[in-house]
file protein.cif (mmCIF, C-alpha atoms)
data_query
#
loop_
_atom_site.group_PDB
_atom_site.id
_atom_site.type_symbol
_atom_site.label_atom_id
_atom_site.label_comp_id
_atom_site.auth_asym_id
_atom_site.auth_seq_id
_atom_site.Cartn_x
_atom_site.Cartn_y
_atom_site.Cartn_z
ATOM 1 C CA MET A 28 -8.298 18.968 -41.919
ATOM 2 C CA ASP A 29 -5.851 16.894 -39.869
ATOM 3 C CA ARG A 30 -2.847 14.953 -41.088
ATOM 4 C CA VAL A 31 -4.725 11.659 -41.409
ATOM 5 C CA GLN A 32 -7.300 13.203 -43.737
ATOM 6 C CA LEU A 33 -4.562 14.847 -45.799
ATOM 7 C CA LEU A 34 -2.792 11.480 -46.102
ATOM 8 C CA LEU A 35 -5.973 9.686 -47.128
ATOM 9 C CA LEU A 36 -6.709 12.360 -49.712
ATOM 10 C CA GLY A 37 -3.187 12.585 -51.106
ATOM 11 C CA LEU A 38 -2.623 8.828 -51.408
ATOM 12 C CA PRO A 39 -5.223 8.143 -54.133
ATOM 13 C CA ILE A 40 -4.205 11.331 -55.956
ATOM 14 C CA PHE A 41 -0.559 10.187 -55.931
ATOM 15 C CA LEU A 42 -1.516 6.693 -57.159
ATOM 16 C CA PHE A 43 -3.640 8.216 -59.919
ATOM 17 C CA PHE A 44 -0.791 10.380 -61.215
ATOM 18 C CA THR A 45 1.693 7.477 -61.050
ATOM 19 C CA ASP A 46 -0.695 5.361 -63.121
ATOM 20 C CA MET A 47 -1.040 8.151 -65.685
ATOM 21 C CA VAL A 48 2.740 8.605 -65.909
ATOM 22 C CA THR A 49 3.216 4.846 -66.354
ATOM 23 C CA LEU A 50 0.596 4.632 -69.099
ATOM 24 C CA PHE A 51 1.447 7.751 -71.106
ATOM 25 C CA GLY A 52 5.096 8.363 -70.212
ATOM 26 C CA PRO A 53 7.810 7.934 -72.840
ATOM 27 C CA SER A 54 9.633 4.645 -73.065
ATOM 28 C CA PRO A 55 13.177 4.539 -71.628
ATOM 29 C CA PRO A 56 15.977 5.284 -74.115
ATOM 30 C CA PRO A 57 17.876 2.313 -75.521
ATOM 31 C CA PRO A 58 21.204 1.495 -73.893
ATOM 32 C CA PRO A 59 24.284 2.977 -75.586
ATOM 33 C CA PRO A 60 26.133 0.607 -77.914
ATOM 34 C CA LYS A 61 29.155 -1.114 -76.528
ATOM 35 C CA PRO A 62 32.482 0.031 -77.982
ATOM 36 C CA HIS A 63 34.195 -2.459 -80.225
ATOM 37 C CA HIS A 64 37.870 -3.054 -79.628
ATOM 38 C CA HIS A 65 39.802 -4.080 -82.701
ATOM 39 C CA PRO A 66 43.020 -5.886 -81.792
ATOM 40 C CA HIS A 67 46.138 -4.950 -83.683
ATOM 41 C CA PRO A 68 47.157 -7.616 -86.220
ATOM 42 C CA HIS A 69 50.347 -9.474 -85.570
ATOM 43 C CA PRO A 70 52.973 -9.078 -88.287
ATOM 44 C CA HIS A 71 53.908 -12.757 -88.044
ATOM 45 C CA PRO A 72 51.034 -14.927 -86.792
ATOM 46 C CA PRO A 73 52.182 -18.121 -85.133
ATOM 47 C CA HIS A 74 51.834 -21.286 -87.141
ATOM 48 C CA GLN A 75 48.915 -23.495 -85.982
ATOM 49 C CA SER A 76 48.591 -27.131 -86.749
ATOM 50 C CA GLN A 77 45.425 -28.667 -88.169
ATOM 51 C CA SER A 78 44.592 -30.346 -84.837
ATOM 52 C CA GLU A 79 44.683 -27.005 -83.008
ATOM 53 C CA ILE A 80 42.407 -25.349 -85.546
ATOM 54 C CA SER A 81 39.716 -28.030 -85.466
ATOM 55 C CA GLN A 82 39.218 -28.064 -81.693
ATOM 56 C CA PRO A 83 35.766 -29.075 -80.379
ATOM 57 C CA LEU A 84 33.457 -26.307 -79.206
ATOM 58 C CA GLU A 85 32.623 -25.763 -75.573
ATOM 59 C CA PHE A 86 28.985 -26.858 -75.693
ATOM 60 C CA PRO A 87 27.899 -30.092 -77.384
ATOM 61 C CA THR A 88 24.882 -28.346 -78.927
ATOM 62 C CA GLN A 89 27.143 -25.884 -80.762
ATOM 63 C CA ARG A 90 28.412 -28.312 -83.361
ATOM 64 C CA ALA A 91 29.669 -26.716 -86.528
ATOM 65 C CA SER A 92 27.809 -27.433 -89.752
ATOM 66 C CA GLY A 93 27.823 -26.241 -93.305
ATOM 67 C CA ILE A 94 24.566 -24.283 -92.964
ATOM 68 C CA GLY A 95 25.272 -22.282 -89.790
ATOM 69 C CA GLY A 96 24.381 -22.781 -86.137
ATOM 70 C CA ILE A 97 22.313 -25.671 -84.904
ATOM 71 C CA GLY A 98 19.405 -23.357 -84.117
ATOM 72 C CA VAL A 99 19.119 -21.793 -87.575
ATOM 73 C CA GLY A 100 15.593 -22.121 -88.970
ATOM 74 C CA ASN A 101 13.998 -22.819 -85.567
ATOM 75 C CA THR A 102 11.761 -20.444 -83.615
ATOM 76 C CA VAL A 103 10.949 -20.586 -79.906
ATOM 77 C CA ASN A 104 8.004 -18.573 -78.570
ATOM 78 C CA ILE A 105 7.932 -17.739 -74.867
ATOM 79 C CA ASP A 106 4.554 -16.302 -73.861
ATOM 80 C CA PHE A 107 4.584 -15.052 -70.270
ATOM 81 C CA CYS A 108 2.472 -12.953 -67.932
ATOM 82 C CA ALA A 109 3.823 -9.415 -68.293
ATOM 83 C CA SER A 110 2.013 -8.148 -65.170
ATOM 84 C CA CYS A 111 3.418 -10.959 -62.970
ATOM 85 C CA SER A 112 7.077 -9.864 -63.028
ATOM 86 C CA TYR A 113 8.028 -12.836 -65.222
ATOM 87 C CA ARG A 114 9.946 -10.700 -67.733
ATOM 88 C CA GLY A 115 13.290 -11.308 -66.001
ATOM 89 C CA THR A 116 12.822 -15.088 -66.106
ATOM 90 C CA ALA A 117 11.813 -14.943 -69.775
ATOM 91 C CA ALA A 118 14.857 -12.823 -70.656
ATOM 92 C CA THR A 119 17.149 -15.271 -68.826
ATOM 93 C CA MET A 120 15.702 -18.219 -70.740
ATOM 94 C CA LYS A 121 16.035 -16.306 -74.016
ATOM 95 C CA ASN A 122 19.728 -15.600 -73.440
ATOM 96 C CA MET A 123 20.357 -19.223 -72.448
ATOM 97 C CA LEU A 124 18.662 -20.616 -75.578
ATOM 98 C CA GLU A 125 20.481 -18.196 -77.873
ATOM 99 C CA THR A 126 23.776 -19.284 -76.312
ATOM 100 C CA GLN A 127 23.092 -23.026 -76.413
ATOM 101 C CA PHE A 128 21.521 -23.019 -79.897
ATOM 102 C CA PRO A 129 23.287 -20.437 -82.088
ATOM 103 C CA GLY A 130 21.061 -18.982 -84.767
ATOM 104 C CA ILE A 131 17.786 -19.796 -83.015
ATOM 105 C CA ASN A 132 15.016 -17.185 -83.029
ATOM 106 C CA VAL A 133 13.501 -16.633 -79.558
ATOM 107 C CA VAL A 134 10.366 -14.447 -79.445
ATOM 108 C CA LEU A 135 9.027 -13.038 -76.157
ATOM 109 C CA ALA A 136 5.367 -12.018 -75.953
ATOM 110 C CA ASN A 137 2.701 -11.278 -73.365
ATOM 111 C CA TYR A 138 0.201 -14.029 -72.562
ATOM 112 C CA PRO A 139 -3.113 -12.241 -71.979
ATOM 113 C CA PRO A 140 -5.612 -13.371 -69.338
ATOM 114 C CA PRO A 141 -8.944 -14.937 -70.366
ATOM 115 C CA LEU A 142 -11.555 -12.701 -71.965
ATOM 116 C CA PRO A 143 -13.867 -12.488 -68.896
ATOM 117 C CA LYS A 144 -11.019 -11.274 -66.702
ATOM 118 C CA ARG A 145 -9.999 -8.707 -69.317
ATOM 119 C CA LEU A 146 -13.542 -7.369 -69.528
ATOM 120 C CA LEU A 147 -13.845 -7.148 -65.755
ATOM 121 C CA SER A 148 -10.526 -5.302 -65.546
ATOM 122 C CA LYS A 149 -12.018 -2.586 -67.783
ATOM 123 C CA VAL A 150 -14.924 -2.138 -65.335
ATOM 124 C CA VAL A 151 -12.694 -1.548 -62.290
ATOM 125 C CA PRO A 152 -11.660 2.056 -63.242
ATOM 126 C CA VAL A 153 -15.336 2.882 -63.822
ATOM 127 C CA PHE A 154 -16.092 1.671 -60.308
ATOM 128 C CA GLN A 155 -13.220 3.707 -58.851
ATOM 129 C CA PHE A 156 -14.165 7.015 -60.481
ATOM 130 C CA GLY A 157 -17.870 6.334 -59.900
ATOM 131 C CA MET A 158 -17.282 5.896 -56.180
ATOM 132 C CA ILE A 159 -15.247 9.093 -56.019
ATOM 133 C CA GLY A 160 -17.922 11.055 -57.872
ATOM 134 C CA LEU A 161 -20.675 9.571 -55.725
ATOM 135 C CA VAL A 162 -18.980 10.485 -52.470
ATOM 136 C CA MET A 163 -18.086 14.000 -53.592
ATOM 137 C CA ALA A 164 -21.360 14.944 -55.328
ATOM 138 C CA GLY A 165 -23.974 12.460 -54.174
ATOM 139 C CA GLU A 166 -26.517 15.180 -53.243
ATOM 140 C CA HIS A 167 -26.742 16.176 -56.913
ATOM 141 C CA ILE A 168 -26.528 12.660 -58.393
ATOM 142 C CA PHE A 169 -29.293 10.897 -56.454
ATOM 143 C CA PRO A 170 -32.053 13.448 -57.324
ATOM 144 C CA ARG A 171 -31.215 12.995 -61.012
ATOM 145 C CA LEU A 172 -31.586 9.238 -60.564
ATOM 146 C CA GLY A 173 -35.085 9.654 -59.102
ATOM 147 C CA PHE A 174 -34.249 9.555 -55.394
ATOM 148 C CA ALA A 175 -35.692 12.438 -53.421
ATOM 149 C CA VAL A 176 -33.435 11.650 -50.469
ATOM 150 C CA PRO A 177 -30.103 9.801 -50.674
ATOM 151 C CA PRO A 178 -30.114 6.333 -49.038
ATOM 152 C CA PRO A 179 -28.747 5.955 -45.495
ATOM 153 C CA TRP A 180 -25.596 4.141 -46.598
ATOM 154 C CA TYR A 181 -24.586 7.219 -48.576
ATOM 155 C CA TYR A 182 -24.341 9.310 -45.407
ATOM 156 C CA THR A 183 -22.203 6.612 -43.828
ATOM 157 C CA LEU A 184 -19.772 6.829 -46.740
ATOM 158 C CA ARG A 185 -19.949 10.621 -46.785
ATOM 159 C CA ALA A 186 -19.076 10.820 -43.089
ATOM 160 C CA ASN A 187 -15.660 9.305 -43.876
ATOM 161 C CA ARG A 188 -15.221 10.456 -47.451
ATOM 162 C CA PHE A 189 -11.427 10.354 -47.457
ATOM 163 C CA GLY A 190 -11.300 6.813 -46.110
ATOM 164 C CA THR A 191 -13.936 5.719 -48.623
ATOM 165 C CA ILE A 192 -12.059 7.225 -51.586
ATOM 166 C CA SER A 193 -8.684 5.795 -50.605
ATOM 167 C CA SER A 194 -10.135 2.363 -49.831
ATOM 168 C CA SER A 195 -12.004 2.168 -53.135
ATOM 169 C CA TRP A 196 -8.890 3.268 -55.048
ATOM 170 C CA LEU A 197 -6.567 0.772 -53.368
ATOM 171 C CA LEU A 198 -9.106 -2.052 -53.667
ATOM 172 C CA GLY A 199 -9.629 -1.224 -57.357
ATOM 173 C CA ASN A 200 -5.893 -1.303 -58.058
ATOM 174 C CA PHE A 201 -5.606 -4.691 -56.353
ATOM 175 C CA LEU A 202 -8.534 -6.113 -58.332
ATOM 176 C CA GLN A 203 -7.200 -4.726 -61.607
ATOM 177 C CA SER A 204 -3.771 -6.257 -61.002
ATOM 178 C CA PHE A 205 -5.380 -9.617 -60.207
ATOM 179 C CA LEU A 206 -7.642 -9.546 -63.267
ATOM 180 C CA GLN A 207 -4.813 -8.590 -65.642
ATOM 181 C CA SER A 208 -2.521 -11.426 -64.528
ATOM 182 C CA SER A 209 -2.602 -14.795 -66.261
ATOM 183 C CA GLY A 210 0.213 -16.595 -64.403
ATOM 184 C CA ALA A 211 1.369 -18.111 -67.675
ATOM 185 C CA PHE A 212 4.818 -19.112 -68.884
ATOM 186 C CA GLU A 213 4.219 -21.059 -72.090
ATOM 187 C CA VAL A 214 7.040 -22.247 -74.367
ATOM 188 C CA HIS A 215 6.532 -23.407 -77.966
ATOM 189 C CA CYS A 216 9.173 -24.610 -80.430
ATOM 190 C CA ASN A 217 8.273 -24.317 -84.110
ATOM 191 C CA GLY A 218 4.603 -24.067 -83.161
ATOM 192 C CA GLU A 219 4.597 -27.181 -80.952
ATOM 193 C CA PRO A 220 4.098 -26.926 -77.160
ATOM 194 C CA VAL A 221 7.192 -27.652 -75.112
ATOM 195 C CA PHE A 222 6.391 -26.432 -71.586
ATOM 196 C CA SER A 223 3.291 -24.989 -69.911
ATOM 197 C CA LYS A 224 3.313 -23.408 -66.461
ATOM 198 C CA LEU A 225 -0.488 -23.368 -66.504
ATOM 199 C CA LYS A 226 -0.434 -27.206 -66.574
ATOM 200 C CA VAL A 227 2.472 -28.087 -64.269
ATOM 201 C CA HIS A 228 2.226 -24.964 -62.020
ATOM 202 C CA ARG A 229 5.965 -24.296 -61.934
ATOM 203 C CA PHE A 230 8.739 -22.665 -63.952
ATOM 204 C CA PRO A 231 11.057 -24.754 -66.122
ATOM 205 C CA GLY A 232 14.680 -25.143 -65.176
ATOM 206 C CA GLU A 233 17.340 -23.942 -67.593
ATOM 207 C CA ILE A 234 18.764 -27.442 -68.131
ATOM 208 C CA GLU A 235 15.258 -28.876 -68.450
ATOM 209 C CA LEU A 236 14.229 -26.322 -71.058
ATOM 210 C CA LYS A 237 17.498 -26.749 -72.966
ATOM 211 C CA ASP A 238 16.931 -30.519 -73.174
ATOM 212 C CA LEU A 239 13.310 -30.091 -74.283
ATOM 213 C CA ILE A 240 14.233 -27.622 -77.036
ATOM 214 C CA GLY A 241 17.168 -29.796 -78.118
ATOM 215 C CA LYS A 242 14.897 -32.819 -78.522
ATOM 216 C CA LYS A 243 12.385 -30.799 -80.566
ATOM 217 C CA ILE A 244 15.124 -29.505 -82.871
ATOM 218 C CA ALA A 245 16.599 -32.979 -83.289
ATOM 219 C CA ASN A 246 13.176 -34.453 -84.106
ATOM 220 C CA SER A 247 12.464 -31.723 -86.648
ATOM 221 C CA ARG A 248 15.823 -32.382 -88.351
ATOM 222 C CA VAL A 249 15.073 -36.109 -88.522
ATOM 223 C CA LEU A 250 11.643 -35.429 -90.026
ATOM 224 C CA ASP A 251 13.144 -33.017 -92.559
ATOM 225 C CA GLY A 252 15.684 -35.657 -93.555
ATOM 226 C CA LEU A 253 12.999 -38.312 -93.984
ATOM 227 C CA GLY A 254 10.869 -35.919 -96.023
ATOM 228 C CA GLY A 255 13.779 -35.088 -98.306
ATOM 229 C CA ALA A 256 14.535 -38.785 -98.792
ATOM 230 C CA LEU A 257 10.920 -39.513 -99.744
ATOM 231 C CA TRP A 258 10.800 -36.707 -102.311
ATOM 232 C CA SER A 259 14.137 -37.637 -103.870
#
call {"tool": "encode", "arguments": {"input": "protein.cif", "output": "structure tokens"}}
result
Amino acid sequence: MDRVQLLLLGLPIFLFFTDMVTLFGPSPPPPPPKPHHHPHPHPHPPHQSQSEISQPLEFPTQRASGIGGIGVGNTVNIDFCASCSYRGTAATMKNMLETQFPGINVVLANYPPPLPKRLLSKVVPVFQFGMIGLVMAGEHIFPRLGFAVPPPWYYTLRANRFGTISSSWLLGNFLQSFLQSSGAFEVHCNGEPVFSKLKVHRFPGEIELKDLIGKKIANSRVLDGLGGALWS
């Protein structure tokens, strides 16, 4: 067995074990809590005037109110494709919204692919292991299926068994990754759609998303005020 055959045999075995470790391995430990520094109180705090105390906040969306932050009572759902490496973008948008709208609840979730693609993704591992078993033990499988002699294409695959196994494994992994991806980045505010990557085929900008969420929150506050006035 030369080096090329060893490489072709070891590659699918290595990919198989990495997949098993990823699926059944323990989750990473949470990051350690940051230490809190408590400043020493001053014995004689300097006197501040009323104008210095009531200074405007840095962001216009962070206006003070009697009931808390401007985002209190509002929920934003960001559903993204977890297998498309969109988690970093979703986390960035979450931090931005929590900064711009204090008190807002931002929920991140996976957006699954359509049902046919999910069903096909379950068939791919069956194809991979079936091809491996067929190449390694085809002489015993075909007689049980009613074939006295294996078909000619089987001997072609058997002649290069290592290349066949590695090719089927790599092709299966590519198909499974494609079938499990949805390409979605959907944003909803209080149950109403705000942005859809599936419709516009692009990601939202931070300023764009902040403006869209701000308009939804403002509209919901206006509707709540009108509803309270009608009931009173």
call {"tool": "resolve_selection", "arguments": {"input": "protein.cif", "expression": "the PyMOL selection byres ((chain A and resi 116-120) around 12)", "output": "VMD selection string"}}
result
chain A and resid 103 to 109 111 to 115 121 to 128 133 to 138 211 to 214 230 to 237 240
call {"tool": "axis_aligned_box", "arguments": {"input": "protein.cif", "around": "region 242-245 of chain A", "padding_each_side": "6 Å", "output": "JSON"}}
result
{"center_x": 14.5, "center_y": -31.2, "center_z": -80.9, "size_x": 16.2, "size_y": 15.5, "size_z": 16.8}
call {"tool": "atom_distance", "arguments": {"input": "protein.cif", "atom1": "CA of Gly210 (chain A)", "atom2": "CA of Leu198 (chain A)"}}
result
20.3 Å
call {"tool": "resolve_selection", "arguments": {"input": "protein.cif", "expression": "the PyMOL selection byres ((chain A and resi 162) around 9)", "output": "PyMOL selection string"}}
result
chain A and resi 157-161+163-166+181-182+184-185+188+191-192
call {"tool": "resolve_selection", "arguments": {"input": "protein.cif", "expression": "the PyMOL selection byres ((chain A and resi 152) around 12)", "output": "MDAnalysis selection string"}}
result
chainID A and resid 43 46 146:151 153:159 195:204
call {"tool": "atom_distance", "arguments": {"input": "protein.cif", "atom1": "CA of Lys224 (chain A)", "atom2": "CA of Ile244 (chain A)"}}
result
21.1 Å
call {"tool": "closest_residue", "arguments": {"input": "protein.cif", "among": "A:Ser247, A:Ser194, A:Thr183, A:Asn217", "to": "Asn132 (chain A)", "atoms": "all atoms listed in the file"}}
result
A:Asn217
call {"tool": "atom_distance", "arguments": {"input": "protein.cif", "atom1": "CA of Lys144 (chain A)", "atom2": "CA of Phe205 (chain A)"}}
result
8.8 Å
call {"tool": "build_atoms", "arguments": {"input": "protein.cif", "residues": "region 179-192 of chain A", "atoms": "N, CA and C atoms", "output": "compact mmCIF listing (two decimals), in the coordinates of the input"}}
result
# COMPACT_ATOMS: atom_id res chain seq x y z
N PRO A 179 -29.54 5.79 -46.74
CA PRO A 179 -28.75 5.96 -45.50
C PRO A 179 -27.28 5.57 -45.65
N TRP A 180 -26.99 4.56 -46.48
CA TRP A 180 -25.60 4.14 -46.60
C TRP A 180 -24.72 5.23 -47.23
N TYR A 181 -25.37 6.14 -47.98
CA TYR A 181 -24.59 7.22 -48.58
C TYR A 181 -24.03 8.14 -47.50
N TYR A 182 -24.82 8.42 -46.47
CA TYR A 182 -24.34 9.31 -45.41
C TYR A 182 -23.23 8.65 -44.60
N THR A 183 -23.30 7.32 -44.50
CA THR A 183 -22.20 6.61 -43.83
C THR A 183 -20.89 6.76 -44.60
N LEU A 184 -20.97 6.62 -45.93
CA LEU A 184 -19.77 6.83 -46.74
C LEU A 184 -19.33 8.29 -46.74
N ARG A 185 -20.28 9.20 -46.75
CA ARG A 185 -19.95 10.62 -46.78
C ARG A 185 -19.31 11.07 -45.48
N ALA A 186 -19.66 10.43 -44.38
CA ALA A 186 -19.08 10.82 -43.09
C ALA A 186 -17.57 10.58 -43.06
N ASN A 187 -17.10 9.59 -43.80
CA ASN A 187 -15.66 9.30 -43.88
C ASN A 187 -15.26 9.27 -45.34
N ARG A 188 -15.42 10.41 -46.00
CA ARG A 188 -15.22 10.46 -47.45
C ARG A 188 -13.79 10.13 -47.87
N PHE A 189 -12.82 10.59 -47.09
CA PHE A 189 -11.43 10.35 -47.46
C PHE A 189 -11.06 8.87 -47.32
N GLY A 190 -11.54 8.24 -46.26
CA GLY A 190 -11.30 6.81 -46.11
C GLY A 190 -12.00 6.00 -47.19
N THR A 191 -13.20 6.43 -47.58
CA THR A 191 -13.94 5.72 -48.62
C THR A 191 -13.22 5.83 -49.97
N ILE A 192 -12.74 7.02 -50.30
CA ILE A 192 -12.06 7.22 -51.59
C ILE A 192 -10.76 6.44 -51.65
